[in-house]
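One structure is given below, encoded as structure tokens.
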Amino acid sequence: MVKRVFEKPLSLMERVLFLDFMKGLSITIRQAFKRTITTHYPYEKLKPPKRFRGFFGHKVINGKEPQPAFTEWVERFKIAVEPGKSRCVVCLLCKRACPVPQLFEIEGEKLPDGKRRVSIFNMNMMLCTFCGFCVDACPVDCLFQSDIHETASYSRKDAVLDLSTLEKIGKDWQNRREDEPDRIWADDNARMRLWYENSPKLG
Ligand code: SF4
Ligand code: SF4
């Protein structure tokens with residue numbers, strides 16, 4: 001047999017003074033005067049942490065390459081070392097690690113002196129899941145994910161990152177953030193601003 005549940009009827013006082021409505025309104029008013037935990041994006045933008053996994057870039061040769069891995073791979077594949085250019089040694093490990101390898105188009109070219117360098121490196125961001133496998137696979141810390149998170153574009157063509165764009169993103173990120181300490185949050189003020197109000201009150 002189905003048990004019927006009836007709502008408790010409102011008392012005369014509750015009906016006359018709109019007590020339920022007033023209770024709800026009091027919560028709204030209390031919250032309206034509390035410190036906000038949101039930002040007024042796009043007018044107010046937080047600086048993402050250094051480890052943020054945003055748009056991709058190629059770090060360029062600037063003397064801070066991981067050693068001895070970089071030198072070993074350069075010698076193994078006879079790569080030309082050109083300061084200010086991509087660190088890529090055309091090993092294709094990023095493409096092999098990617099669950100959607102067809103988003104990569106990578107080619108190398110031979111120079112007159114017999115050395116090689118990367119000539120084509122396209123990444124189609126429309127197919128990318130931002131899983132980061134390709135970054136983990138790169139043996140020379142070339143391919144990385146930057147702090148760029150505004151990635152919308154007006155055309156499909158703009159969603160393909162080519163070699164010069166990747167190098168540009170890499171150079172810019174290296175100038176701004178390469179020497180910054182590796183930490184989850186960009187700065188304590190941003191962290192406190194966002195999370196202090198929500199942190200558990202212990203003791
Ligand atoms: S982040 Fe993942 S899906 Fe995107 S290119 Fe790298 S490995 Fe492929
Ligand atoms: S794994 Fe790194 S070095 Fe190898 S092809 Fe990809 S970006 Fe270049």
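Chain labels run A, B, ... following the order of the structure tokens; each chain numbers its residues from 1, and ligands are numbered from 1 in the order shown.
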
Determine, for each residue of chain A having at least one atom at most 8 Å from an atom of ligand 2, the closest pair of atoms and their separation in Å to one decimal, counting only C-alpha atoms and all ligand atoms; order by chain and ascending number, as CSV.
residue,atom,partner,partner_atom_place_in_ligand_line,distance
A:His58,CA,ligand 2,7 (S),7.0
A:Arg87,CA,ligand 2,3 (S),6.7
A:Cys88,CA,ligand 2,8 (Fe),3.7
A:Val89,CA,ligand 2,3 (S),4.3
A:Val90,CA,ligand 2,5 (S),3.9
A:Cys91,CA,ligand 2,4 (Fe),3.9
A:Leu92,CA,ligand 2,5 (S),3.9
A:Leu93,CA,ligand 2,1 (S),4.3
A:Cys94,CA,ligand 2,1 (S),4.1
A:Lys95,CA,ligand 2,6 (Fe),6.5
A:Ile106,CA,ligand 2,5 (S),7.0
A:Val118,CA,ligand 2,8 (Fe),7.7
A:Cys134,CA,ligand 2,1 (S),6.7
A:Val135,CA,ligand 2,1 (S),7.2
A:Ala137,CA,ligand 2,1 (S),5.8
A:Cys138,CA,ligand 2,1 (S),3.5
A:Pro139,CA,ligand 2,2 (Fe),6.0
A:Val140,CA,ligand 2,3 (S),5.8
A:Asp141,CA,ligand 2,2 (Fe),6.7
A:Cys142,CA,ligand 2,2 (Fe),5.2
A:Leu143,CA,ligand 2,7 (S),4.6

Surroundings of ligand 1 up to 10 Å, based on only C-alpha atoms and all ligand atoms, as number ranges by chain: A: 53-56, 93-104, 123-137, 143-145

Two-atom distance - CA of Val60 in chain A, CA of Lys171 in chain A (Å): 6.3 Å

Every residue of range 47-107 of chain A that DSSP places in strand (DSSP E), as number ranges by chain: A: 56-58, 104-107
